[in-house]
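Quick look at final.pdb (PDB, C-alpha atoms):
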```pdb
ATOM      1  CA  ILE K 729     174.188 112.232   8.027  1.00  0.00           C
ATOM      2  CA  TYR K 730     177.903 112.544   8.815  1.00  0.00           C
ATOM      3  CA  MET K 731     179.960 113.742  11.757  1.00  0.00           C
ATOM      4  CA  GLU K 732     182.901 116.058  11.048  1.00  0.00           C
ATOM      5  CA  GLU K 733     185.547 114.821  13.474  1.00  0.00           C
ATOM      6  CA  ALA K 734     187.499 118.057  13.733  1.00  0.00           C
ATOM      7  CA  SER K 735     184.525 120.299  14.529  1.00  0.00           C
ATOM      8  CA  GLN K 736     182.067 117.681  15.841  1.00  0.00           C
ATOM      9  CA  ARG K 737     179.463 119.136  13.510  1.00  0.00           C
ATOM     10  CA  CYS K 738     176.703 117.076  11.914  1.00  0.00           C
ATOM     11  CA  LEU K 739     176.797 117.335   8.145  1.00  0.00           C
ATOM     12  CA  TRP K 740     174.610 116.183   5.267  1.00  0.00           C
ATOM     13  CA  PHE K 741     175.616 115.644   1.672  1.00  0.00           C
ATOM     14  CA  ASP K 742     174.013 117.969  -0.858  1.00  0.00           C
ATOM     15  CA  ALA K 743     174.062 115.765  -3.950  1.00  0.00           C
ATOM     16  CA  SER K 744     172.853 118.558  -6.244  1.00  0.00           C
ATOM     17  CA  ALA K 745     175.870 120.718  -5.373  1.00  0.00           C
ATOM     18  CA  GLY K 746     178.283 117.879  -4.565  1.00  0.00           C
ATOM     19  CA  VAL K 747     179.244 119.367  -1.186  1.00  0.00           C
ATOM     20  CA  TYR K 748     178.769 118.632   2.528  1.00  0.00           C
ATOM     21  CA  ARG K 749     176.682 121.173   4.449  1.00  0.00           C
ATOM     22  CA  GLU K 750     175.944 121.690   8.116  1.00  0.00           C
ATOM     23  CA  LEU K 751     172.816 119.880   9.283  1.00  0.00           C
ATOM     24  CA  ILE K 752     170.355 122.299  10.843  1.00  0.00           C
ATOM     25  CA  ALA K 753     167.973 121.437  13.680  1.00  0.00           C
ATOM     26  CA  GLY K 754     164.650 123.233  13.374  1.00  0.00           C
ATOM     27  CA  GLU K 755     163.568 125.635  16.129  1.00  0.00           C
ATOM     28  CA  ASP K 756     160.368 124.639  17.938  1.00  0.00           C
ATOM     29  CA  LEU K 757     158.503 127.884  18.611  1.00  0.00           C
ATOM     30  CA  ALA K 758     155.243 125.980  19.047  1.00  0.00           C
ATOM     31  CA  GLY K 759     156.606 123.786  21.832  1.00  0.00           C
ATOM     32  CA  SER K 760     158.012 126.813  23.647  1.00  0.00           C
ATOM     33  CA  GLY K 761     154.658 128.577  23.469  1.00  0.00           C
ATOM     34  CA  GLU K 762     156.146 131.514  21.575  1.00  0.00           C
ATOM     35  CA  LEU K 763     154.060 131.050  18.436  1.00  0.00           C
ATOM     36  CA  ALA K 764     150.839 129.202  17.580  1.00  0.00           C
ATOM     37  CA  ILE K 765     148.831 128.957  14.347  1.00  0.00           C
ATOM     38  CA  THR K 766     145.141 128.484  13.636  1.00  0.00           C
ATOM     39  CA  GLY K 767     143.588 128.384  10.174  1.00  0.00           C
ATOM     40  CA  ALA K 768     140.309 128.157   8.270  1.00  0.00           C
ATOM     41  CA  ALA K 769     139.053 128.461   4.695  1.00  0.00           C
ATOM     42  CA  THR K 770     136.123 130.359   3.159  1.00  0.00           C
ATOM     43  CA  THR K 771     135.053 131.959  -0.127  1.00  0.00           C
ATOM     44  CA  SER K 772     132.784 134.848  -1.072  1.00  0.00           C
ATOM     45  CA  ALA K 773     130.785 132.475  -3.261  1.00  0.00           C
ATOM     46  CA  SER K 774     129.776 130.313  -0.301  1.00  0.00           C
ATOM     47  CA  SER K 775     128.489 131.028   3.180  1.00  0.00           C
ATOM     48  CA  SER K 776     130.034 127.827   4.494  1.00  0.00           C
ATOM     49  CA  ARG K 777     133.293 127.949   6.404  1.00  0.00           C
ATOM     50  CA  SER K 778     135.494 125.086   7.456  1.00  0.00           C
ATOM     51  CA  ALA K 779     136.122 124.753  11.170  1.00  0.00           C
ATOM     52  CA  PRO K 780     139.349 126.395  12.367  1.00  0.00           C
ATOM     53  CA  SER K 781     142.244 124.013  12.811  1.00  0.00           C
ATOM     54  CA  LYS K 782     143.783 123.779  16.250  1.00  0.00           C
ATOM     55  CA  PRO K 783     147.518 124.507  16.446  1.00  0.00           C
ATOM     56  CA  GLY K 784     149.561 121.517  15.338  1.00  0.00           C
ATOM     57  CA  ASN K 785     146.480 119.318  15.055  1.00  0.00           C
ATOM     58  CA  ALA K 786     146.171 118.529  11.344  1.00  0.00           C
ATOM     59  CA  ALA K 787     148.299 115.757   9.902  1.00  0.00           C
ATOM     60  CA  ALA K 788     146.726 115.522   6.458  1.00  0.00           C
ATOM     61  CA  ALA K 789     145.736 118.155   3.950  1.00  0.00           C
ATOM     62  CA  SER K 790     142.253 119.611   4.382  1.00  0.00           C
ATOM     63  CA  THR K 791     140.634 120.774   1.160  1.00  0.00           C
ATOM     64  CA  SER K 792     137.320 122.383   0.309  1.00  0.00           C
ATOM     65  CA  SER K 793     135.735 123.641  -2.872  1.00  0.00           C
ATOM     66  CA  SER K 794     132.962 126.023  -3.761  1.00  0.00           C
ATOM     67  CA  SER K 795     131.323 127.559  -6.796  1.00  0.00           C
ATOM     68  CA  SER K 796     128.682 130.187  -7.436  1.00  0.00           C
ATOM     69  CA  SER K 797     126.699 127.736  -9.561  1.00  0.00           C
ATOM     70  CA  SER K 798     126.706 124.051 -10.366  1.00  0.00           C
ATOM     71  CA  SER K 799     127.982 124.741 -13.903  1.00  0.00           C
ATOM     72  CA  SER K 800     130.903 127.008 -12.954  1.00  0.00           C
ATOM     73  CA  PRO K 801     134.352 125.606 -12.147  1.00  0.00           C
ATOM     74  CA  SER K 802     135.164 125.342  -8.444  1.00  0.00           C
ATOM     75  CA  ALA K 803     137.846 127.070  -6.460  1.00  0.00           C
ATOM     76  CA  ARG K 804     139.827 124.821  -4.157  1.00  0.00           C
ATOM     77  CA  HIS K 805     141.307 125.541  -0.730  1.00  0.00           C
ATOM     78  CA  LEU K 806     144.221 123.733   0.851  1.00  0.00           C
ATOM     79  CA  VAL K 807     144.860 124.011   4.598  1.00  0.00           C
ATOM     80  CA  ILE K 808     147.738 122.058   6.168  1.00  0.00           C
ATOM     81  CA  MET K 809     148.328 123.236   9.714  1.00  0.00           C
ATOM     82  CA  ASP K 810     151.155 120.790  10.482  1.00  0.00           C
ATOM     83  CA  LEU K 811     153.610 120.251   7.629  1.00  0.00           C
ATOM     84  CA  HIS K 812     155.772 117.985   9.786  1.00  0.00           C
ATOM     85  CA  LYS K 813     152.940 115.481  10.189  1.00  0.00           C
ATOM     86  CA  ALA K 814     152.107 115.765   6.488  1.00  0.00           C
ATOM     87  CA  ALA K 815     155.771 115.060   5.714  1.00  0.00           C
ATOM     88  CA  ASP K 816     155.692 111.990   7.975  1.00  0.00           C
ATOM     89  CA  VAL K 817     152.772 110.636   5.946  1.00  0.00           C
ATOM     90  CA  CYS K 818     154.852 111.142   2.783  1.00  0.00           C
ATOM     91  CA  LYS K 819     157.878 109.527   4.509  1.00  0.00           C
ATOM     92  CA  LEU K 820     159.858 112.782   4.335  1.00  0.00           C
ATOM     93  CA  ASP K 821     162.087 114.308   7.030  1.00  0.00           C
ATOM     94  CA  LEU K 822     161.446 117.950   7.999  1.00  0.00           C
ATOM     95  CA  THR K 823     163.233 117.969  11.351  1.00  0.00           C
ATOM     96  CA  HIS K 824     165.433 120.783  10.025  1.00  0.00           C
ATOM     97  CA  VAL K 825     162.378 122.988   9.454  1.00  0.00           C
ATOM     98  CA  ASP K 826     161.136 125.298  12.214  1.00  0.00           C
ATOM     99  CA  ARG K 827     157.839 124.643  13.990  1.00  0.00           C
ATOM    100  CA  PRO K 828     155.038 125.475  13.661  1.00  0.00           C
ATOM    101  CA  ALA K 829     154.967 124.902   9.910  1.00  0.00           C
ATOM    102  CA  ALA K 830     151.815 125.389   7.863  1.00  0.00           C
ATOM    103  CA  LEU K 831     150.634 125.851   4.293  1.00  0.00           C
ATOM    104  CA  LEU K 832     147.485 127.758   3.350  1.00  0.00           C
ATOM    105  CA  ALA K 833     146.416 128.120  -0.260  1.00  0.00           C
ATOM    106  CA  VAL K 834     143.463 128.864  -2.501  1.00  0.00           C
ATOM    107  CA  TYR K 835     143.400 127.995  -6.193  1.00  0.00           C
ATOM    108  CA  LYS K 836     140.899 129.259  -8.735  1.00  0.00           C
ATOM    109  CA  HIS K 837     139.841 128.315 -12.238  1.00  0.00           C
ATOM    110  CA  VAL K 838     141.546 130.335 -14.979  1.00  0.00           C
ATOM    111  CA  GLU K 839     141.452 129.291 -18.603  1.00  0.00           C
ATOM    112  CA  GLY K 840     144.854 127.829 -19.502  1.00  0.00           C
ATOM    113  CA  ALA K 841     145.949 127.440 -15.862  1.00  0.00           C
ATOM    114  CA  VAL K 842     146.315 124.255 -13.811  1.00  0.00           C
ATOM    115  CA  PRO K 843     142.860 123.037 -12.654  1.00  0.00           C
ATOM    116  CA  PRO K 844     142.328 123.912  -8.958  1.00  0.00           C
ATOM    117  CA  GLU K 845     141.874 120.304  -7.808  1.00  0.00           C
ATOM    118  CA  ILE K 846     145.154 119.269  -9.452  1.00  0.00           C
ATOM    119  CA  ALA K 847     147.028 122.273  -8.067  1.00  0.00           C
ATOM    120  CA  ALA K 848     145.749 121.498  -4.557  1.00  0.00           C
ATOM    121  CA  LYS K 849     147.011 117.918  -4.784  1.00  0.00           C
ATOM    122  CA  CYS K 850     150.285 118.285  -6.666  1.00  0.00           C
ATOM    123  CA  LEU K 851     151.820 121.521  -5.435  1.00  0.00           C
ATOM    124  CA  TYR K 852     152.039 120.768  -1.718  1.00  0.00           C
ATOM    125  CA  GLU K 853     153.567 117.325  -2.344  1.00  0.00           C
ATOM    126  CA  LYS K 854     156.290 118.831  -4.526  1.00  0.00           C
ATOM    127  CA  LEU K 855     156.873 121.625  -2.030  1.00  0.00           C
ATOM    128  CA  LEU K 856     157.323 119.113   0.808  1.00  0.00           C
ATOM    129  CA  LYS K 857     159.910 117.244  -1.263  1.00  0.00           C
ATOM    130  CA  ARG K 858     161.654 120.540  -2.020  1.00  0.00           C
ATOM    131  CA  LEU K 859     161.833 121.435   1.678  1.00  0.00           C
ATOM    132  CA  ALA K 860     163.012 117.937   2.632  1.00  0.00           C
ATOM    133  CA  GLY K 861     165.673 117.960  -0.067  1.00  0.00           C
ATOM    134  CA  PHE K 862     167.681 120.809   1.475  1.00  0.00           C
ATOM    135  CA  ARG K 863     168.541 120.221   5.137  1.00  0.00           C
ATOM    136  CA  GLY K 864     170.539 123.387   5.688  1.00  0.00           C
ATOM    137  CA  ALA K 865     169.413 126.886   6.663  1.00  0.00           C
ATOM    138  CA  TRP K 866     166.695 128.283   4.384  1.00  0.00           C
ATOM    139  CA  SER K 867     166.942 131.984   3.620  1.00  0.00           C
ATOM    140  CA  GLU K 868     163.786 134.036   3.060  1.00  0.00           C
ATOM    141  CA  GLU K 869     164.774 134.395  -0.594  1.00  0.00           C
ATOM    142  CA  ALA K 870     165.152 130.614  -0.935  1.00  0.00           C
ATOM    143  CA  LEU K 871     161.720 129.996   0.613  1.00  0.00           C
ATOM    144  CA  GLN K 872     160.093 132.441  -1.774  1.00  0.00           C
ATOM    145  CA  ALA K 873     161.933 130.864  -4.722  1.00  0.00           C
ATOM    146  CA  ALA K 874     160.827 127.389  -3.592  1.00  0.00           C
ATOM    147  CA  LEU K 875     157.174 128.452  -3.714  1.00  0.00           C
ATOM    148  CA  VAL K 876     157.434 130.090  -7.126  1.00  0.00           C
ATOM    149  CA  ASP K 877     159.613 127.368  -8.678  1.00  0.00           C
ATOM    150  CA  THR K 878     157.371 124.584  -7.385  1.00  0.00           C
ATOM    151  CA  ALA K 879     154.297 126.251  -8.865  1.00  0.00           C
ATOM    152  CA  PHE K 880     156.158 126.789 -12.133  1.00  0.00           C
ATOM    153  CA  THR K 881     157.107 123.098 -12.241  1.00  0.00           C
ATOM    154  CA  VAL K 882     153.490 122.027 -11.672  1.00  0.00           C
ATOM    155  CA  GLY K 883     152.416 124.302 -14.523  1.00  0.00           C
ATOM    156  CA  ILE K 884     155.015 122.811 -16.866  1.00  0.00           C
ATOM    157  CA  GLU K 885     154.129 119.223 -15.953  1.00  0.00           C
ATOM    158  CA  GLN K 886     150.423 119.884 -16.457  1.00  0.00           C
ATOM    159  CA  LYS K 887     151.109 121.700 -19.750  1.00  0.00           C
ATOM    160  CA  ALA K 888     149.299 124.760 -18.398  1.00  0.00           C
ATOM    161  CA  SER K 889     150.502 127.857 -20.243  1.00  0.00           C
ATOM    162  CA  ARG K 890     149.213 130.196 -17.524  1.00  0.00           C
ATOM    163  CA  GLY K 891     150.725 128.298 -14.602  1.00  0.00           C
ATOM    164  CA  VAL K 892     148.985 128.023 -11.231  1.00  0.00           C
ATOM    165  CA  ALA K 893     146.173 130.472 -10.465  1.00  0.00           C
ATOM    166  CA  GLY K 894     145.754 131.368  -6.813  1.00  0.00           C
ATOM    167  CA  ALA K 895     147.540 132.443  -3.649  1.00  0.00           C
ATOM    168  CA  ILE K 896     149.803 130.495  -1.286  1.00  0.00           C
ATOM    169  CA  ALA K 897     151.168 131.298   2.183  1.00  0.00           C
ATOM    170  CA  LEU K 898     153.919 129.161   3.714  1.00  0.00           C
ATOM    171  CA  VAL K 899     154.683 129.596   7.423  1.00  0.00           C
ATOM    172  CA  LEU K 900     157.867 128.062   8.833  1.00  0.00           C
ATOM    173  CA  GLY K 901     158.389 129.039  12.443  1.00  0.00           C
ATOM    174  CA  SER K 902     158.663 132.829  12.591  1.00  0.00           C
ATOM    175  CA  ARG K 903     158.840 133.311   8.829  1.00  0.00           C
ATOM    176  CA  LEU K 904     156.242 133.712   6.122  1.00  0.00           C
ATOM    177  CA  ALA K 905     156.736 133.217   2.386  1.00  0.00           C
ATOM    178  CA  ALA K 906     153.908 134.067   0.020  1.00  0.00           C
ATOM    179  CA  ALA K 907     153.186 133.995  -3.691  1.00  0.00           C
ATOM    180  CA  ALA K 908     150.115 134.693  -5.815  1.00  0.00           C
ATOM    181  CA  SER K 909     148.901 135.039  -9.373  1.00  0.00           C
ATOM    182  CA  HIS K 910     145.998 136.092 -11.591  1.00  0.00           C
ATOM    183  CA  GLY K 911     144.634 138.707  -9.198  1.00  0.00           C
ATOM    184  CA  GLY K 912     145.347 136.755  -6.004  1.00  0.00           C
ATOM    185  CA  ALA K 913     147.051 138.270  -2.968  1.00  0.00           C
ATOM    186  CA  VAL K 914     148.379 137.233   0.444  1.00  0.00           C
ATOM    187  CA  ALA K 915     148.309 139.767   3.271  1.00  0.00           C
ATOM    188  CA  ILE K 916     148.718 139.996   7.045  1.00  0.00           C
ATOM    189  CA  ALA K 917     146.466 142.489   8.788  1.00  0.00           C
ATOM    190  CA  ASP K 918     148.111 145.099  10.973  1.00  0.00           C
ATOM    191  CA  PRO K 919     148.109 146.596  13.586  1.00  0.00           C
ATOM    192  CA  LEU K 920     148.043 143.953  16.295  1.00  0.00           C
ATOM    193  CA  PRO K 921     147.293 144.336  20.011  1.00  0.00           C
ATOM    194  CA  GLU K 922     150.139 145.997  21.914  1.00  0.00           C
ATOM    195  CA  ASN K 923     150.972 142.810  23.821  1.00  0.00           C
ATOM    196  CA  MET K 924     151.695 140.909  20.591  1.00  0.00           C
ATOM    197  CA  LYS K 925     154.879 141.000  18.568  1.00  0.00           C
ATOM    198  CA  ASP K 926     154.969 143.184  15.491  1.00  0.00           C
ATOM    199  CA  VAL K 927     153.973 141.519  12.244  1.00  0.00           C
ATOM    200  CA  ARG K 928     154.937 143.256   9.049  1.00  0.00           C
ATOM    201  CA  VAL K 929     152.459 143.380   6.202  1.00  0.00           C
ATOM    202  CA  ALA K 930     153.239 140.859   3.459  1.00  0.00           C
ATOM    203  CA  VAL K 931     151.548 141.092   0.087  1.00  0.00           C
ATOM    204  CA  ALA K 932     152.390 138.738  -2.753  1.00  0.00           C
ATOM    205  CA  SER K 933     152.239 140.034  -6.312  1.00  0.00           C
ATOM    206  CA  PRO K 934     151.458 138.075  -9.504  1.00  0.00           C
ATOM    207  CA  THR K 935     152.371 135.480 -10.563  1.00  0.00           C
ATOM    208  CA  LEU K 936     153.067 131.932  -9.400  1.00  0.00           C
ATOM    209  CA  GLY K 937     154.373 130.886 -12.796  1.00  0.00           C
ATOM    210  CA  GLY K 938     153.445 130.216 -16.365  1.00  0.00           C
ATOM    211  CA  GLY K 939     153.640 132.044 -19.644  1.00  0.00           C
ATOM    212  CA  GLY K 940     151.026 133.874 -21.643  1.00  0.00           C
ATOM    213  CA  SER K 941     149.519 136.932 -20.011  1.00  0.00           C
ATOM    214  CA  GLY K 942     150.585 135.815 -16.550  1.00  0.00           C
ATOM    215  CA  GLY K 943     153.955 137.528 -16.610  1.00  0.00           C
ATOM    216  CA  ALA K 944     156.971 136.807 -14.431  1.00  0.00           C
ATOM    217  CA  ALA K 945     156.835 134.950 -11.135  1.00  0.00           C
ATOM    218  CA  ALA K 946     156.965 136.962  -7.929  1.00  0.00           C
ATOM    219  CA  GLY K 947     156.236 136.714  -4.228  1.00  0.00           C
ATOM    220  CA  ALA K 948     157.191 137.977  -0.790  1.00  0.00           C
ATOM    221  CA  ALA K 949     158.928 136.738   2.322  1.00  0.00           C
ATOM    222  CA  ASN K 950     158.679 138.276   5.791  1.00  0.00           C
ATOM    223  CA  SER K 951     159.514 137.602   9.412  1.00  0.00           C
ATOM    224  CA  LEU K 952     156.760 137.067  11.967  1.00  0.00           C
ATOM    225  CA  ARG K 953     159.074 138.145  14.767  1.00  0.00           C
TER     226      ARG K 953
END
```
Structure re-expressed in structure tokens:
Amino acid sequence: IYMEEASQRCLWFDASAGVYRELIAGEDLAGSGELAITGAATTSASSSRSAPSKPGNAAAASTSSSSSSSSSPSARHLVIMDLHKAADVCKLDLTHVDRPAALLAVYKHVEGAVPPEIAAKCLYEKLLKRLAGFRGAWSEEALQAALVDTAFTVGIEQKASRGVAGAIALVLGSRLAAAASHGGAVAIADPLPENMKDVRVAVASPTLGGGGSGGAAAGAANSLR
């Protein structure tokens, strides 16, 4: 971190671009009481449901799996309700990212795609590093691209021709980025009670990455304000 003497601005050096950029301090909407997040995971193949996470209470990733039979491959959920604490565990700095920050994902088995258990472990770690690596202001387009590109990278590294199969929702403060593939979707139900702020519907379209019949990567980004 550097201090620009003329403007008294804090700067950081973006090694990938070879330039100095303004260091951004994340907005804490959770601390101000303006926004809170709760989360849980379930599947239609199982009647079990993980207990909802309290706002800002989960430091590590919570995962669950289910299958309709013992011989069928399992789907895998990933619920991280506090990305800042998860980043601390990985020794990464996300102080420039708005709070609350959460990641919710479900991965399913598709022939030729990354196995769900590997996707659940690898993708969030790479995404955290991606978020920590750019300490400036993230646009909605950049957040969406980070999700899709990270999934694409996992697919390449795992030599999975059909990429990552599933749906991912990334919440950073008042913004939501989402991406999905192979029939997955991410949506926010509307309308909300009149005393709550408007939330626009966000639906992610296929796919998260990979070749074959998957097609091109796509997603959506929206504001929760």
Enclosing box along x, y and z for every listed atom of region 859-875 of chain K, padded 4 Å each side, centre and size in Å, one decimal, as JSON:
```
{"center_x": 163.9, "center_y": 126.2, "center_z": 1.0, "size_x": 21.4, "size_y": 24.5, "size_z": 19.4}
```
Please identify all polymer residues lying at most 8 Å from the point (160.4, 119.8, 7.4) (file coordinates), using only C-alpha atoms, and present the result as a PDB file with C-alpha atoms, keeping the file's coordinate frame.
```pdb
ATOM      1  CA  LEU K 811     153.610 120.251   7.629  1.00  0.00           C
ATOM      2  CA  HIS K 812     155.772 117.985   9.786  1.00  0.00           C
ATOM      3  CA  ALA K 815     155.771 115.060   5.714  1.00  0.00           C
ATOM      4  CA  LEU K 820     159.858 112.782   4.335  1.00  0.00           C
ATOM      5  CA  ASP K 821     162.087 114.308   7.030  1.00  0.00           C
ATOM      6  CA  LEU K 822     161.446 117.950   7.999  1.00  0.00           C
ATOM      7  CA  THR K 823     163.233 117.969  11.351  1.00  0.00           C
ATOM      8  CA  HIS K 824     165.433 120.783  10.025  1.00  0.00           C
ATOM      9  CA  VAL K 825     162.378 122.988   9.454  1.00  0.00           C
ATOM     10  CA  ASP K 826     161.136 125.298  12.214  1.00  0.00           C
ATOM     11  CA  ALA K 829     154.967 124.902   9.910  1.00  0.00           C
ATOM     12  CA  LEU K 856     157.323 119.113   0.808  1.00  0.00           C
ATOM     13  CA  LEU K 859     161.833 121.435   1.678  1.00  0.00           C
ATOM     14  CA  ALA K 860     163.012 117.937   2.632  1.00  0.00           C
TER      15      ALA K 860
END
```
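Using all atoms listed in the file, the nearest neighbour of Glu845 (chain K) within the list K:Ala758, K:Met731, K:Leu763, K:Val892 is K:Val892.
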Item to check | Matched chain/residue IDs from the PyMOL selection byres ((chain K and resi 761) around 12), as a PyMOL selection string | outcome: chain K and resi 755-760+762-765+783-784+827-828+901
Item to check | Among the residues K:Lys849, K:Val899, K:Ala907, K:Ala768, the one that comes closest to Gln872 (chain K) [using all atoms listed in the file] | outcome: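 Closest to Gln872 (chain K) of all the choices is K:Ala907.
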Checklist entry - Counting all atoms listed in the file, which of K:Ala743, K:Val817, K:Leu751, K:Leu855 gets nearest to Val876 (chain K)? => result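 For Val876 (chain K), the nearest of the given residues is K:Leu855.
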Checklist entry - Which residues come within 12 Å of Thr878 (chain K), counting only C-alpha atoms, excluding same-chain residues fewer than 2 positions away, as a PyMOL selection string? => result chain K and resi 847+850-859+870-876+880-885+891-892+896+907+936-938+945
Checklist entry - When you draw a straight line from CA of Ser802 (chain K) to CA of Pro843 (chain K), how long is it in Å? => result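 One can read the CA of Ser802 (chain K) to CA of Pro843 (chain K) distance as 9.1 Å.
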Start from the incomplete input, build N, CA, C and O atoms for region 828-843 of chain K, and deliver everything as a PDB file, keeping the file's coordinate frame.
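Result file is out_15.pdb:
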```
ATOM      1  N   PRO K 828     156.008 126.203  14.480  1.00  0.00           N
ATOM      2  CA  PRO K 828     155.038 125.475  13.661  1.00  0.00           C
ATOM      3  C   PRO K 828     155.262 125.729  12.180  1.00  0.00           C
ATOM      4  O   PRO K 828     155.817 126.762  11.792  1.00  0.00           O
ATOM      5  N   ALA K 829     154.838 124.779  11.362  1.00  0.00           N
ATOM      6  CA  ALA K 829     154.967 124.902   9.910  1.00  0.00           C
ATOM      7  C   ALA K 829     153.614 124.620   9.284  1.00  0.00           C
ATOM      8  O   ALA K 829     152.991 123.600   9.584  1.00  0.00           O
ATOM      9  N   ALA K 830     153.149 125.527   8.442  1.00  0.00           N
ATOM     10  CA  ALA K 830     151.815 125.389   7.863  1.00  0.00           C
ATOM     11  C   ALA K 830     151.802 125.892   6.426  1.00  0.00           C
ATOM     12  O   ALA K 830     152.642 126.699   6.027  1.00  0.00           O
ATOM     13  N   LEU K 831     150.833 125.411   5.674  1.00  0.00           N
ATOM     14  CA  LEU K 831     150.634 125.851   4.293  1.00  0.00           C
ATOM     15  C   LEU K 831     149.153 126.150   4.100  1.00  0.00           C
ATOM     16  O   LEU K 831     148.296 125.310   4.387  1.00  0.00           O
ATOM     17  N   LEU K 832     148.854 127.356   3.641  1.00  0.00           N
ATOM     18  CA  LEU K 832     147.485 127.758   3.350  1.00  0.00           C
ATOM     19  C   LEU K 832     147.434 128.251   1.913  1.00  0.00           C
ATOM     20  O   LEU K 832     148.265 129.066   1.507  1.00  0.00           O
ATOM     21  N   ALA K 833     146.479 127.742   1.147  1.00  0.00           N
ATOM     22  CA  ALA K 833     146.416 128.120  -0.260  1.00  0.00           C
ATOM     23  C   ALA K 833     144.992 128.110  -0.760  1.00  0.00           C
ATOM     24  O   ALA K 833     144.129 127.405  -0.230  1.00  0.00           O
ATOM     25  N   VAL K 834     144.730 128.907  -1.780  1.00  0.00           N
ATOM     26  CA  VAL K 834     143.463 128.864  -2.501  1.00  0.00           C
ATOM     27  C   VAL K 834     143.790 128.945  -3.987  1.00  0.00           C
ATOM     28  O   VAL K 834     144.615 129.749  -4.418  1.00  0.00           O
ATOM     29  N   TYR K 835     143.176 128.049  -4.754  1.00  0.00           N
ATOM     30  CA  TYR K 835     143.400 127.995  -6.193  1.00  0.00           C
ATOM     31  C   TYR K 835     142.073 128.236  -6.903  1.00  0.00           C
ATOM     32  O   TYR K 835     141.028 127.758  -6.474  1.00  0.00           O
ATOM     33  N   LYS K 836     142.126 128.976  -8.002  1.00  0.00           N
ATOM     34  CA  LYS K 836     140.899 129.259  -8.735  1.00  0.00           C
ATOM     35  C   LYS K 836     141.029 128.817 -10.189  1.00  0.00           C
ATOM     36  O   LYS K 836     142.124 128.562 -10.692  1.00  0.00           O
ATOM     37  N   HIS K 837     139.861 128.720 -10.833  1.00  0.00           N
ATOM     38  CA  HIS K 837     139.841 128.315 -12.238  1.00  0.00           C
ATOM     39  C   HIS K 837     140.173 129.507 -13.123  1.00  0.00           C
ATOM     40  O   HIS K 837     139.532 130.553 -13.043  1.00  0.00           O
ATOM     41  N   VAL K 838     141.189 129.367 -13.952  1.00  0.00           N
ATOM     42  CA  VAL K 838     141.546 130.335 -14.979  1.00  0.00           C
ATOM     43  C   VAL K 838     141.821 129.553 -16.253  1.00  0.00           C
ATOM     44  O   VAL K 838     142.550 128.555 -16.224  1.00  0.00           O
ATOM     45  N   GLU K 839     141.247 129.979 -17.334  1.00  0.00           N
ATOM     46  CA  GLU K 839     141.452 129.291 -18.603  1.00  0.00           C
ATOM     47  C   GLU K 839     142.942 129.220 -18.934  1.00  0.00           C
ATOM     48  O   GLU K 839     143.634 130.240 -18.941  1.00  0.00           O
ATOM     49  N   GLY K 840     143.443 128.006 -19.173  1.00  0.00           N
ATOM     50  CA  GLY K 840     144.854 127.829 -19.502  1.00  0.00           C
ATOM     51  C   GLY K 840     145.742 127.587 -18.301  1.00  0.00           C
ATOM     52  O   GLY K 840     146.937 127.314 -18.457  1.00  0.00           O
ATOM     53  N   ALA K 841     145.175 127.685 -17.086  1.00  0.00           N
ATOM     54  CA  ALA K 841     145.949 127.440 -15.862  1.00  0.00           C
ATOM     55  C   ALA K 841     145.692 126.020 -15.364  1.00  0.00           C
ATOM     56  O   ALA K 841     144.791 125.325 -15.829  1.00  0.00           O
ATOM     57  N   VAL K 842     146.495 125.585 -14.406  1.00  0.00           N
ATOM     58  CA  VAL K 842     146.315 124.255 -13.811  1.00  0.00           C
ATOM     59  C   VAL K 842     144.959 124.194 -13.117  1.00  0.00           C
ATOM     60  O   VAL K 842     144.614 125.109 -12.343  1.00  0.00           O
ATOM     61  N   PRO K 843     144.145 123.157 -13.348  1.00  0.00           N
ATOM     62  CA  PRO K 843     142.860 123.037 -12.654  1.00  0.00           C
ATOM     63  C   PRO K 843     143.058 123.080 -11.133  1.00  0.00           C
ATOM     64  O   PRO K 843     144.025 122.516 -10.616  1.00  0.00           O
TER      65      PRO K 843
END
```
